[in-house]
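K.L.:
Input structure: upload_14.cif, which contains mmCIF, C-alpha atoms.
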data_upload
#
loop_
_atom_site.label_atom_id
_atom_site.label_comp_id
_atom_site.auth_asym_id
_atom_site.auth_seq_id
_atom_site.Cartn_x
_atom_site.Cartn_y
_atom_site.Cartn_z
CA MET A 171 -87.51 -19.43 26.51
CA THR A 172 -84.83 -20.22 23.93
CA ILE A 173 -81.09 -20.30 24.31
CA LYS A 174 -78.37 -19.68 21.74
CA GLN A 175 -76.46 -22.63 20.35
CA LEU A 176 -73.39 -22.49 18.14
CA SER A 177 -73.40 -24.73 15.07
CA ILE A 178 -69.81 -24.96 13.90
CA PHE A 179 -68.99 -26.58 10.57
CA ILE A 180 -65.63 -28.34 10.73
CA GLU A 181 -63.83 -30.43 8.16
CA ASN A 182 -63.20 -34.06 8.99
CA LYS A 183 -59.44 -33.72 9.13
CA GLY A 184 -56.89 -33.58 11.89
CA GLY A 185 -56.58 -30.37 13.88
CA THR A 186 -59.87 -28.70 12.98
CA LEU A 187 -61.67 -29.48 16.22
CA ILE A 188 -58.68 -28.54 18.38
CA LYS A 189 -58.48 -25.17 16.60
CA VAL A 190 -62.08 -24.42 17.65
CA LEU A 191 -61.49 -25.65 21.20
CA ASP A 192 -58.28 -23.62 21.54
CA LEU A 193 -59.97 -20.42 20.35
CA LEU A 194 -62.80 -20.87 22.85
CA SER A 195 -60.40 -21.77 25.66
CA LYS A 196 -58.19 -18.73 25.07
CA ALA A 197 -61.30 -16.51 25.23
CA ASN A 198 -62.31 -18.13 28.54
CA ILE A 199 -65.49 -19.54 26.99
CA GLN A 200 -66.88 -22.43 29.05
CA ILE A 201 -68.42 -25.24 27.02
CA ILE A 202 -71.46 -26.55 28.87
CA ALA A 203 -72.53 -29.26 26.42
CA SER A 204 -71.67 -30.27 22.89
CA THR A 205 -72.31 -32.88 20.27
CA ILE A 206 -70.88 -33.66 16.84
CA ALA A 207 -72.88 -35.02 13.93
CA ASP A 208 -70.64 -36.03 11.09
CA THR A 209 -70.80 -36.72 7.40
CA LYS A 210 -68.02 -37.96 5.15
CA ASP A 211 -66.39 -34.56 4.66
CA TYR A 212 -67.38 -32.40 7.61
CA GLY A 213 -69.02 -32.37 11.00
CA ILE A 214 -71.51 -30.10 12.67
CA TYR A 215 -70.26 -29.34 16.16
CA ARG A 216 -73.18 -28.04 18.21
CA VAL A 217 -72.13 -26.19 21.36
CA LEU A 218 -73.85 -24.62 24.35
CA CYS A 219 -71.54 -22.27 26.19
CA ASN A 220 -71.57 -19.51 28.78
CA ASN A 221 -71.17 -16.68 26.25
CA PRO A 222 -72.46 -17.73 22.82
CA SER A 223 -72.39 -14.23 21.29
CA GLN A 224 -68.72 -13.74 22.13
CA ALA A 225 -67.88 -17.26 20.98
CA TYR A 226 -69.65 -16.60 17.68
CA ILE A 227 -67.63 -13.44 17.06
CA ILE A 228 -64.32 -15.11 17.94
CA LEU A 229 -64.96 -18.05 15.63
CA LYS A 230 -66.20 -15.86 12.76
CA GLU A 231 -63.11 -13.63 13.05
CA ALA A 232 -60.96 -16.76 12.81
CA GLY A 233 -62.64 -17.68 9.51
CA ILE A 234 -64.61 -20.58 10.94
CA ASN A 235 -68.04 -21.30 9.49
CA VAL A 236 -70.38 -20.87 12.47
CA GLN A 237 -74.04 -20.11 12.96
CA LEU A 238 -75.97 -19.01 16.03
CA ALA A 239 -79.35 -20.71 16.43
CA ASP A 240 -82.17 -20.64 18.93
CA VAL A 241 -82.86 -23.96 20.64
CA ILE A 242 -85.05 -25.00 23.54
CA ALA A 243 -83.59 -26.48 26.73
CA LEU A 244 -86.02 -28.29 29.00
CA SER A 245 -85.05 -29.08 32.57
CA ILE A 246 -86.32 -32.46 33.76
CA ASP A 247 -85.87 -34.57 36.86
CA ASP A 248 -82.97 -37.00 36.57
CA GLU A 249 -85.20 -40.07 36.68
CA PRO A 250 -86.02 -42.83 34.19
CA GLY A 251 -88.87 -41.91 31.86
CA ARG A 252 -88.77 -38.14 32.37
CA ALA A 253 -87.28 -37.48 28.92
CA ALA A 254 -89.87 -39.73 27.28
CA SER A 255 -92.65 -37.93 29.12
CA ALA A 256 -91.43 -34.49 28.05
CA ILE A 257 -91.02 -35.51 24.42
CA LYS A 258 -94.44 -37.23 24.43
CA THR A 259 -96.03 -33.99 25.64
CA LEU A 260 -94.60 -32.19 22.61
CA SER A 261 -95.37 -35.03 20.21
CA ASP A 262 -99.00 -35.21 21.38
CA ASP A 263 -99.35 -31.58 20.26
CA GLY A 264 -98.00 -32.39 16.79
CA ILE A 265 -94.51 -31.04 17.38
CA SER A 266 -91.61 -32.80 15.64
CA ILE A 267 -88.12 -32.90 17.11
CA LEU A 268 -85.55 -32.09 14.40
CA TYR A 269 -82.59 -33.04 16.59
CA MET A 270 -81.90 -33.42 20.29
CA TYR A 271 -79.12 -34.04 22.77
CA SER A 272 -79.09 -34.22 26.53
CA PHE A 273 -76.82 -33.77 29.52
CA LEU A 274 -76.91 -33.33 33.29
CA TRP A 275 -76.76 -29.84 34.79
CA LYS A 276 -76.90 -29.08 38.51
CA GLY A 277 -78.64 -32.35 39.35
CA LYS A 278 -81.23 -32.11 36.58
CA GLY A 279 -81.49 -33.60 33.14
CA VAL A 280 -81.46 -31.14 30.25
CA LEU A 281 -82.98 -31.85 26.85
CA VAL A 282 -81.77 -29.51 24.13
CA PHE A 283 -83.65 -29.59 20.85
CA ARG A 284 -84.95 -27.82 17.77
CA THR A 285 -88.54 -28.34 16.78
CA ASP A 286 -90.94 -27.86 13.96
CA PRO A 287 -92.98 -25.74 14.44
CA ALA A 288 -90.94 -23.79 17.00
CA GLU A 289 -93.68 -21.35 18.06
CA LYS A 290 -96.09 -24.20 18.76
CA ALA A 291 -93.43 -25.88 20.92
CA LYS A 292 -93.02 -22.70 22.97
CA GLU A 293 -96.77 -22.45 23.41
CA THR A 294 -97.04 -26.09 24.51
CA ILE A 295 -94.18 -25.65 26.99
CA MET A 296 -95.97 -22.69 28.56
CA ILE A 297 -99.43 -24.29 28.62
CA LYS A 298 -98.17 -27.63 29.98
CA LYS A 299 -95.90 -25.81 32.44
CA LEU A 300 -92.75 -27.64 31.38
CA SER A 301 -89.59 -26.31 33.01
CA PHE A 302 -87.21 -24.62 30.59
CA LEU A 303 -83.80 -23.00 30.91
CA THR A 304 -82.62 -19.63 29.65
CA GLU A 305 -79.14 -18.32 28.87
CA ALA A 306 -79.03 -16.78 32.35
CA ASP A 307 -79.10 -20.32 33.78
CA PHE A 308 -75.78 -21.05 32.07
CA ALA A 309 -74.02 -17.74 32.74
#
Can the structure in the file be given as structure tokens, please?

P.N.:
Amino acid sequence: MTIKQLSIFIENKGGTLIKVLDLLSKANIQIIASTIADTKDYGIYRVLCNNPSQAYIILKEAGINVQLADVIALSIDDEPGRAASAIKTLSDDGISILYMYSFLWKGKGVLVFRTDPAEKAKETIMIKKLSFLTEADFA
């Protein structure tokens, strides 16, 4: 039910993001979605890709600070209000969203997020029959 997401810590200085992108490109890693949250000194570049385990190894070997985390990816209809409905379903069960980003994939909206508590979120998704994606969907 979860997918692997790379969290890459990059300094806020010229050339650091392109180094990451070049390494992934040379390894034929396809970025599916990404987002950057920044602070004064560094950014957290969160990435979904077609081969997160390989990407993790490549970045680690290059000395880049990277973590591999489990996140949930819900598939929703690409219509107004569908994201709100999905998040309300989780919220009504007492589940907090720690962070979230979204994108379109094969005609559907995708909500990617981390929750607290994660196990309760998985349970709610199963009970409420919400549609989720797995790593196989992005391969």

K.L.:
Rounded to one decimal in Å, what is the spacing between CA of Thr304 in chain A and CA of Ile180 in chain A?

P.N.:
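Going from CA of Thr304 in chain A over to CA of Ile180 in chain A covers 26.9 Å.
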
K.L.:
Pull out every residue that the PyMOL selection byres ((chain A and resi 185-198) around 10) matches in the shown coordinates and put them as a short mmCIF file (atom, residue, chain, number, x, y, z; two decimals) with C-alpha atoms, in the frame of the given file.

P.N.:
data_model
loop_
_atom_site.label_atom_id
_atom_site.label_comp_id
_atom_site.auth_asym_id
_atom_site.auth_seq_id
_atom_site.Cartn_x
_atom_site.Cartn_y
_atom_site.Cartn_z
CA ILE A 178 -69.81 -24.96 13.90
CA PHE A 179 -68.99 -26.58 10.57
CA ILE A 180 -65.63 -28.34 10.73
CA GLU A 181 -63.83 -30.43 8.16
CA ASN A 182 -63.20 -34.06 8.99
CA LYS A 183 -59.44 -33.72 9.13
CA GLY A 184 -56.89 -33.58 11.89
CA ILE A 199 -65.49 -19.54 26.99
CA GLN A 200 -66.88 -22.43 29.05
CA ILE A 201 -68.42 -25.24 27.02
CA TYR A 212 -67.38 -32.40 7.61
CA GLY A 213 -69.02 -32.37 11.00
CA TYR A 215 -70.26 -29.34 16.16
CA CYS A 219 -71.54 -22.27 26.19
CA ASN A 220 -71.57 -19.51 28.78
CA ASN A 221 -71.17 -16.68 26.25
CA GLN A 224 -68.72 -13.74 22.13
CA ALA A 225 -67.88 -17.26 20.98
CA TYR A 226 -69.65 -16.60 17.68
CA ILE A 228 -64.32 -15.11 17.94
CA LEU A 229 -64.96 -18.05 15.63
CA ALA A 232 -60.96 -16.76 12.81
CA ILE A 234 -64.61 -20.58 10.94
#

K.L.:
Find the residue from A:Ile295, A:Ala309, A:Ile265, A:Val282 that sits nearest to Ser204 in chain A; use only C-alpha atoms when measuring.

P.N.:
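Distance minimum relative to Ser204 in chain A lands on A:Val282.
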
K.L.:
Find the spatial neighbours of Leu281 in chain A, counting only C-alpha atoms, within a cut-off of 6 Å - ignore same-chain residues fewer than 6 positions away - and output them as a list in words.

P.N.:
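So the residues in contact are Ala243, Leu244 and Ser272 of chain A.
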
K.L.:
When the PyMOL selection byres ((chain A and resi 264) around 9) is applied to the structure above, which residues does it catch, written out as an MDAnalysis selection string?

P.N.:
chainID A and resid 260:263 265:266 286:287 290:291
